[in-house]
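This is input-v9.csv. It holds CSV, C-alpha atoms.
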chain,number,residue,atom,x,y,z
A,14,MET,CA,2.4,0.6,24.4
A,15,SER,CA,1.9,-3.1,25.0
A,16,TYR,CA,4.7,-5.3,26.3
A,17,ILE,CA,7.0,-6.8,23.6
A,18,ASP,CA,7.9,-10.4,24.2
A,19,ALA,CA,11.7,-10.6,23.8
A,20,GLY,CA,11.8,-14.3,22.8
A,21,LYS,CA,9.1,-13.9,20.2
A,22,PHE,CA,10.8,-10.8,18.9
A,23,ALA,CA,14.2,-12.5,18.5
A,24,SER,CA,12.6,-15.5,16.9
A,25,GLU,CA,10.8,-13.3,14.3
A,26,MET,CA,14.0,-11.4,13.6
A,27,ASN,CA,15.9,-14.6,12.9
A,28,THR,CA,13.2,-16.1,10.8
A,29,VAL,CA,12.6,-13.0,8.6
A,30,PHE,CA,16.3,-12.2,8.1
A,31,LYS,CA,17.1,-15.8,7.3
A,32,LYS,CA,14.3,-16.1,4.7
A,33,TYR,CA,15.7,-13.1,2.8
A,34,GLY,CA,19.4,-14.0,3.1
A,35,PHE,CA,20.4,-11.6,5.9
A,36,SER,CA,20.9,-14.1,8.8
A,37,GLY,CA,24.7,-13.5,8.7
A,38,MET,CA,24.1,-9.9,9.6
A,39,LEU,CA,22.4,-10.8,12.9
A,40,SER,CA,23.9,-11.6,16.3
A,41,ARG,CA,22.5,-11.7,19.8
A,42,GLU,CA,23.8,-8.2,20.5
A,43,ARG,CA,22.3,-6.8,17.3
A,44,ILE,CA,18.9,-8.4,18.0
A,45,ASP,CA,19.0,-6.8,21.4
A,46,ALA,CA,19.7,-3.5,19.9
A,47,PHE,CA,16.8,-3.9,17.5
A,48,TYR,CA,14.6,-4.8,20.5
A,49,THR,CA,15.7,-1.7,22.4
A,50,LEU,CA,15.0,0.4,19.3
A,51,THR,CA,11.5,-1.1,18.9
A,52,GLU,CA,10.6,-0.5,22.5
A,53,HIS,CA,11.8,3.1,22.5
A,54,MET,CA,10.3,3.9,19.1
A,55,LEU,CA,6.8,2.6,19.9
A,56,SER,CA,6.9,4.3,23.3
A,57,VAL,CA,7.9,7.7,21.9
A,58,ASN,CA,5.5,7.2,18.9
A,59,GLU,CA,2.6,7.7,21.3
A,60,THR,CA,3.5,11.4,21.4
A,61,LEU,CA,5.8,12.1,18.4
A,62,ASN,CA,4.0,10.2,15.7
A,63,LEU,CA,7.2,8.5,14.3
A,64,THR,CA,5.5,5.5,12.5
A,65,ALA,CA,2.1,4.3,11.5
A,66,ILE,CA,3.3,0.7,12.0
A,67,LYS,CA,2.6,-0.2,15.7
A,68,ASP,CA,2.8,-4.0,15.6
A,69,PRO,CA,6.4,-5.0,16.7
A,70,LEU,CA,6.5,-7.9,14.3
A,71,ALA,CA,5.4,-5.8,11.4
A,72,VAL,CA,8.1,-3.3,12.3
A,73,ILE,CA,10.7,-6.0,11.8
A,74,ARG,CA,9.5,-6.6,8.2
A,75,LEU,CA,8.4,-3.1,7.1
A,76,HIS,CA,11.2,-1.2,8.7
A,77,TYR,CA,14.2,-3.4,9.7
A,78,LEU,CA,14.2,-5.9,6.8
A,79,ASP,CA,13.4,-3.1,4.4
A,80,CYS,CA,16.4,-1.1,5.6
A,81,ALA,CA,18.7,-4.2,5.3
A,82,PHE,CA,18.4,-4.5,1.5
A,83,PRO,CA,20.6,-1.4,0.6
A,84,SER,CA,23.4,-2.8,2.7
A,85,SER,CA,24.9,-4.8,-0.2
A,86,GLN,CA,25.3,-1.5,-2.1
A,87,ILE,CA,27.3,0.1,0.7
A,88,PRO,CA,31.1,-0.6,0.5
A,89,LYS,CA,33.0,-1.7,3.6
A,90,GLY,CA,34.0,1.3,5.8
A,91,ALA,CA,31.9,3.7,3.8
A,92,LYS,CA,31.1,7.2,5.0
A,93,VAL,CA,27.3,7.4,4.6
A,94,LEU,CA,24.7,10.2,4.7
A,95,ASP,CA,21.0,9.6,5.4
A,96,VAL,CA,19.0,12.6,3.9
A,97,GLY,CA,15.6,13.2,5.5
A,98,THR,CA,16.1,10.4,8.1
A,99,GLY,CA,12.7,11.1,9.8
A,100,ALA,CA,12.4,8.4,12.5
A,101,GLY,CA,15.9,7.2,11.8
A,102,PHE,CA,15.3,5.0,8.7
A,103,PRO,CA,17.4,3.7,7.2
A,104,ALA,CA,20.1,5.2,9.5
A,105,LEU,CA,19.4,3.3,12.7
A,106,PRO,CA,19.0,-0.2,11.3
A,107,LEU,CA,22.0,0.2,9.0
A,108,ALA,CA,24.1,1.5,12.0
A,109,ILE,CA,23.2,-1.7,13.9
A,110,LEU,CA,23.7,-4.1,11.0
A,111,ARG,CA,26.9,-2.4,9.6
A,112,PRO,CA,29.2,-1.3,12.5
A,113,ASP,CA,32.0,-0.8,9.9
A,114,ILE,CA,30.3,2.2,8.4
A,115,GLU,CA,30.0,5.8,9.6
A,116,ILE,CA,26.5,7.4,9.2
A,117,LEU,CA,25.4,11.0,9.5
A,118,ALA,CA,21.6,11.2,9.7
A,119,VAL,CA,20.1,14.6,8.9
A,120,ASP,CA,16.6,16.1,9.0
A,121,SER,CA,15.2,19.5,9.1
A,122,THR,CA,12.9,18.7,12.1
A,123,GLU,CA,14.7,19.1,15.4
A,124,LYS,CA,12.4,16.9,17.4
A,125,ARG,CA,13.0,13.9,15.1
A,126,ILE,CA,16.8,14.4,15.2
A,127,LYS,CA,16.7,14.6,19.0
A,128,TYR,CA,14.8,11.3,19.0
A,129,VAL,CA,17.3,9.6,16.6
A,130,GLU,CA,20.2,10.9,18.7
A,131,GLU,CA,18.8,9.6,22.0
A,132,THR,CA,17.9,6.3,20.3
A,133,ALA,CA,21.4,5.8,19.0
A,134,LYS,CA,22.7,6.3,22.5
A,135,LEU,CA,20.3,3.8,23.9
A,136,CYS,CA,21.3,1.3,21.3
A,137,GLN,CA,25.0,2.1,21.9
A,138,LEU,CA,25.6,3.1,18.3
A,139,SER,CA,28.9,5.0,18.2
A,140,ASN,CA,28.9,4.9,14.4
A,141,LEU,CA,25.8,7.1,14.0
A,142,LYS,CA,25.9,10.9,14.3
A,143,THR,CA,23.0,13.4,13.7
A,144,ALA,CA,22.5,17.0,12.6
A,145,VAL,CA,19.5,19.3,12.2
A,146,MET,CA,19.9,20.4,8.6
A,147,ARG,CA,18.1,21.2,5.4
A,148,ALA,CA,19.8,19.2,2.6
A,149,GLU,CA,19.9,22.1,0.2
A,150,ASP,CA,21.9,24.1,2.8
A,151,GLY,CA,24.2,21.3,3.9
A,152,ALA,CA,25.2,20.5,0.4
A,153,ASN,CA,26.7,24.0,0.1
A,154,ASP,CA,28.9,23.4,3.2
A,155,PRO,CA,32.5,22.7,1.9
A,156,ALA,CA,33.0,20.2,4.7
A,157,LEU,CA,30.1,18.1,3.5
A,158,ARG,CA,29.8,18.7,-0.2
A,159,GLU,CA,31.0,15.8,-2.3
A,160,SER,CA,32.4,14.1,0.8
A,161,PHE,CA,30.3,11.0,1.2
A,162,ASP,CA,30.8,7.5,-0.3
A,163,VAL,CA,27.1,6.8,-0.2
A,164,VAL,CA,24.1,9.1,0.2
A,165,ILE,CA,20.8,7.3,0.9
A,166,SER,CA,17.2,8.4,1.3
A,167,ARG,CA,14.0,6.6,2.1
A,168,ALA,CA,10.6,7.9,1.1
A,169,VAL,CA,11.5,11.6,1.1
A,170,ALA,CA,10.6,13.2,-2.3
A,171,GLU,CA,10.1,12.3,-5.9
A,172,MET,CA,13.3,11.5,-7.8
A,173,ARG,CA,13.9,14.8,-9.6
A,174,ILE,CA,13.8,16.7,-6.4
A,175,LEU,CA,15.6,14.0,-4.4
A,176,SER,CA,18.5,13.9,-6.9
A,177,GLU,CA,19.1,17.6,-6.5
A,178,LEU,CA,19.1,17.3,-2.7
A,179,CYS,CA,21.3,14.2,-2.6
A,180,LEU,CA,23.8,14.0,-5.5
A,181,PRO,CA,25.7,17.2,-4.5
A,182,PHE,CA,26.8,15.4,-1.3
A,183,VAL,CA,28.2,12.3,-3.2
A,184,LYS,CA,31.9,12.2,-4.0
A,185,VAL,CA,32.9,11.3,-7.5
A,186,GLY,CA,33.1,7.5,-7.6
A,187,GLY,CA,30.4,7.2,-4.9
A,188,ARG,CA,26.7,6.4,-5.2
A,189,PHE,CA,23.3,7.7,-4.3
A,190,ILE,CA,20.7,5.1,-3.2
A,191,ALA,CA,17.0,6.1,-3.4
A,192,MET,CA,14.7,3.7,-1.6
A,193,LYS,CA,11.5,3.9,-3.6
A,194,GLY,CA,8.0,2.5,-3.9
A,195,LYS,CA,5.7,1.4,-6.7
A,196,ASN,CA,6.3,4.5,-8.9
A,197,ALA,CA,10.1,4.0,-8.9
A,198,GLN,CA,10.5,3.3,-12.7
A,199,TYR,CA,8.2,6.2,-13.6
A,200,GLU,CA,10.1,8.6,-11.3
A,201,LEU,CA,13.4,7.4,-12.7
A,202,ASN,CA,12.4,7.9,-16.3
A,203,ASP,CA,11.2,11.4,-15.4
A,204,ALA,CA,14.5,12.2,-13.6
A,205,LYS,CA,17.0,11.2,-16.3
A,206,ARG,CA,17.8,14.8,-17.1
A,207,ALA,CA,18.2,15.7,-13.5
A,208,VAL,CA,20.5,12.8,-12.7
A,209,ALA,CA,22.7,13.6,-15.7
A,210,THR,CA,22.8,17.3,-15.0
A,211,LEU,CA,23.9,16.7,-11.4
A,212,GLY,CA,26.8,14.4,-12.4
A,213,GLY,CA,25.1,11.0,-12.0
A,214,LYS,CA,24.5,7.9,-14.0
A,215,LEU,CA,22.1,5.0,-13.4
A,216,LYS,CA,24.0,2.0,-12.1
A,217,SER,CA,21.1,-0.3,-11.3
A,218,VAL,CA,17.5,-0.7,-10.3
A,219,ASP,CA,17.6,-3.4,-7.6
A,220,ALA,CA,14.3,-5.2,-7.1
A,221,VAL,CA,13.3,-5.4,-3.4
A,222,SER,CA,10.4,-7.7,-2.8
A,223,TYR,CA,9.2,-9.3,0.4
A,224,GLU,CA,6.1,-10.5,2.2
A,225,ASN,CA,4.3,-8.8,5.1
A,226,GLY,CA,1.7,-11.4,6.0
A,227,THR,CA,-0.4,-11.9,2.9
A,228,GLU,CA,0.8,-8.6,1.4
A,229,LYS,CA,3.6,-8.4,-1.1
A,230,VAL,CA,5.8,-5.3,-0.7
A,231,ASP,CA,7.9,-4.0,-3.6
A,232,HIS,CA,10.4,-1.3,-2.8
A,233,PRO,CA,13.0,-1.0,-5.6
A,234,LEU,CA,16.4,0.6,-4.9
A,235,LEU,CA,17.5,3.1,-7.5
A,236,VAL,CA,21.3,3.2,-7.4
A,237,ILE,CA,23.0,6.2,-9.1
A,238,GLU,CA,26.8,6.4,-9.6
A,239,LYS,CA,28.4,9.8,-9.3
A,240,ILE,CA,30.6,10.1,-12.4
A,241,SER,CA,31.4,13.8,-12.4
A,242,LYS,CA,31.3,16.8,-10.1
A,243,THR,CA,28.0,18.6,-9.5
A,244,SER,CA,28.0,22.2,-10.8
A,245,SER,CA,28.2,24.8,-8.1
A,246,GLN,CA,24.8,26.2,-9.1
A,247,TYR,CA,23.2,23.1,-7.5
A,248,PRO,CA,21.4,22.6,-5.2
A,249,ARG,CA,19.1,25.6,-5.7
A,250,ALA,CA,16.8,27.0,-2.9
A,251,TYR,CA,14.1,24.5,-2.1
A,252,ALA,CA,11.4,26.7,-3.4
A,253,GLN,CA,13.0,26.6,-6.8
A,254,ILE,CA,13.7,22.9,-6.7
A,255,SER,CA,10.1,22.0,-5.9
A,256,LYS,CA,8.5,24.6,-8.2
A,257,LYS,CA,10.7,23.8,-11.2
A,258,PRO,CA,12.4,20.4,-10.9
A,259,LEU,CA,15.3,19.7,-13.3
Show how you would write the structure in this file as structure tokens.
Amino acid sequence: MSYIDAGKFASEMNTVFKKYGFSGMLSRERIDAFYTLTEHMLSVNETLNLTAIKDPLAVIRLHYLDCAFPSSQIPKGAKVLDVGTGAGFPALPLAILRPDIEILAVDSTEKRIKYVEETAKLCQLSNLKTAVMRAEDGANDPALRESFDVVISRAVAEMRILSELCLPFVKVGGRFIAMKGKNAQYELNDAKRAVATLGGKLKSVDAVSYENGTEKVDHPLLVIEKISKTSSQYPRAYAQISKKPL
């Protein structure tokens, strides 16, 4: 991994976050935490394959800025679950930007969770915890089921499947945020029955659009309100969820 110039990194963080209205979320300490995160991620990436994005300045835009957008949908002091956190997105950036919230990041891959846990310690993030867990198993744990104010997931599965994995964790009155790509509206239309069956209702489709060099990136946020309890028959076993989505 090549050396990351700290001054250039900080300047790019400030420029990018200011351009998209997030400058108030940054401080010297938070930029330092993002710098530590970037160094560690790109170093570990050489063996663990965490991200295809290896340019530190592109990481700022395509990971950190991208993960800042859902923050406005997360209430102050919220209890948050990141389902399928992978390399720690959006959990790690949100934990840095929102020290007022408590985040549990879960993934079924032990190596990735170990990486997220050690990165949180390096960045001194006391508000981020981790667990090796399959979502369909965790949602049937009485200590976790319908106990989160916000459940969020980034680039994990299509909306019908993702709704069954995530909505059972959301408390009534809370919300599920799906960070999606160009097929967001198509997926949402296809998932209307699943969302309703699981106790959800569409709150909003928030447009997220930003520039990465000459490329325009569109990553809509699908925000689902939890309006009623999820039936105890959900989530089903993953084989059933994937073979016959709601």
message = From (23.3, 20.1, -13.6), in the file's coordinates, out to 10 Å: which residues are reached, counting only C-alpha atoms? Answer as a list of chain:residue names.
response =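 Residues with an atom at most 10 Å from (23.3, 20.1, -13.6): A:Glu177, A:Pro181, A:Arg206, A:Ala207, A:Val208, A:Ala209, A:Thr210, A:Leu211, A:Gly212, A:Gly213, A:Lys242, A:Thr243, A:Ser244, A:Ser245, A:Gln246, A:Tyr247, A:Pro248, A:Leu259.
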Near A:Val29, counting all atoms listed in the file, which residues have an atom at most 12 Å away, once you skip same-chain residues fewer than 6 positions from it, shown as number ranges by chain? A: 22-23, 35-36, 38-39, 70-79, 81, 223-226
Suppose you want the space between atom CA of A:Tyr128 and atom CA of A:Pro112; what is it in Å?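 Separation of atom CA of A:Tyr128 and atom CA of A:Pro112: 20.2 Å.
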From A:Ile237, A:Val57, A:Ala19, A:Ala133, residue lying nearest A:Ser176 [all atoms listed in the file]:
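Going through A:Ile237, A:Val57, A:Ala19, A:Ala133 one by one, the smallest distance to A:Ser176 is for A:Ile237.
If you count all atoms listed in the file and ignore residues fewer than 3 places along the chain from A:Ser139, what sits within 10 Å of it is Ala108, Ile109, Pro112, Glu115, Ile116, Ala133, Lys134, Cys136 and Lys142 of chain A.
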query = Mind pulling up the distance from atom CA of A:Gly99 to atom CA of A:Glu159?
reply =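 A separation of 22.4 Å between them.
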- Query: Of the residues A:Phe189, A:Tyr33, A:Phe102, A:Tyr48, which is the one nearest to A:Lys214, using only C-alpha atoms?
  - Reply: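 Of all the options, A:Phe189 lies closest to A:Lys214.
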Just to confirm, what's the straight-line distance from atom CA of A:Lys92 to atom CA of A:Phe161 in Å (one decimal)?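 Atom-to-atom, atom CA of A:Lys92 to atom CA of A:Phe161, that is 5.4 Å.
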Could you name the residues that touch A:Gly90 at 10 Å or less, counting all atoms listed in the file, but leaving out those on the same chain fewer than 3 positions away, as a list in words?
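Here the qualifying residues turn out to be Ile87, Val93, Arg111, Pro112, Asp113, Ile114, Glu115 and Asp162 of chain A.
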| Polymer residues at most 8 Å from stretch 60-69 of chain A, only C-alpha atoms, same-chain spacing of 6 or more positions, as a list in words | Ile17, Phe22, Thr51, Met54, Gly99, Ala100 and Arg125 of chain A
Using only C-alpha atoms, find each residue in stretch 67-98 of chain A having at least one atom no more than 6 Å away from stretch 163-172 of chain A; report its shortest atom-to-atom pair and that distance in Å (one decimal), rows by chain then rising number, as a Markdown table.
| residue | atom | partner | partner_atom | distance |
| --- | --- | --- | --- | --- |
| A:Val93 | CA | A:Val163 | CA | 4.8 |
| A:Leu94 | CA | A:Val164 | CA | 4.7 |
| A:Asp95 | CA | A:Ile165 | CA | 5.1 |
| A:Val96 | CA | A:Ser166 | CA | 5.3 |
Using the selection just defined, write its residues with C-alpha atoms as a PDB file, in the frame of the given file.
ATOM      1  CA  VAL A  93      27.300   7.400   4.600  1.00  0.00           C
ATOM      2  CA  LEU A  94      24.700  10.200   4.700  1.00  0.00           C
ATOM      3  CA  ASP A  95      21.000   9.600   5.400  1.00  0.00           C
ATOM      4  CA  VAL A  96      19.000  12.600   3.900  1.00  0.00           C
TER       5      VAL A  96
END
Review point. Pick from A:Lys89, A:Ile174, A:Lys195, A:Glu200: nearest to A:Lys229, with all atoms listed in the file counted?
Key: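 Looking at the shortest contact to A:Lys229, the residue is A:Lys195.
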Notebook entry, point to check: Which residue, A:Met192, A:Cys179, A:Val221, A:Ala148, has the smallest gap to A:Ala250 when you use all atoms listed in the file?
Noted result: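 Result for the nearest residue to A:Ala250: A:Ala148.
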May I ask which of the residues A:Tyr251, A:Tyr16, A:Tyr199, A:Phe182 is the closest one to A:Ser56, counting only C-alpha atoms?
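With only C-alpha atoms as the atom set, the closest residue is A:Tyr16.
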Near A:Pro83, counting all atoms listed in the file, which residues have an atom at most 9 Å away, once you skip same-chain residues fewer than 5 positions from it, shown as a PyMOL selection string?
chain A and resi 103+107+165+190+192+219+234
Output the selection as an mmCIF file, keeping the file's coordinate frame - C-alpha atoms for each residue.
data_model
loop_
_atom_site.group_PDB
_atom_site.id
_atom_site.type_symbol
_atom_site.label_atom_id
_atom_site.label_comp_id
_atom_site.auth_asym_id
_atom_site.auth_seq_id
_atom_site.Cartn_x
_atom_site.Cartn_y
_atom_site.Cartn_z
ATOM 1 C CA PRO A 103 17.400 3.700 7.200
ATOM 2 C CA LEU A 107 22.000 0.200 9.000
ATOM 3 C CA ILE A 165 20.800 7.300 0.900
ATOM 4 C CA ILE A 190 20.700 5.100 -3.200
ATOM 5 C CA MET A 192 14.700 3.700 -1.600
ATOM 6 C CA ASP A 219 17.600 -3.400 -7.600
ATOM 7 C CA LEU A 234 16.400 0.600 -4.900
#
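Using all atoms listed in the file, the nearest neighbour of A:Pro233 within the list A:Gly20, A:Gly194, A:Gly186, A:Gly101 is A:Gly194.
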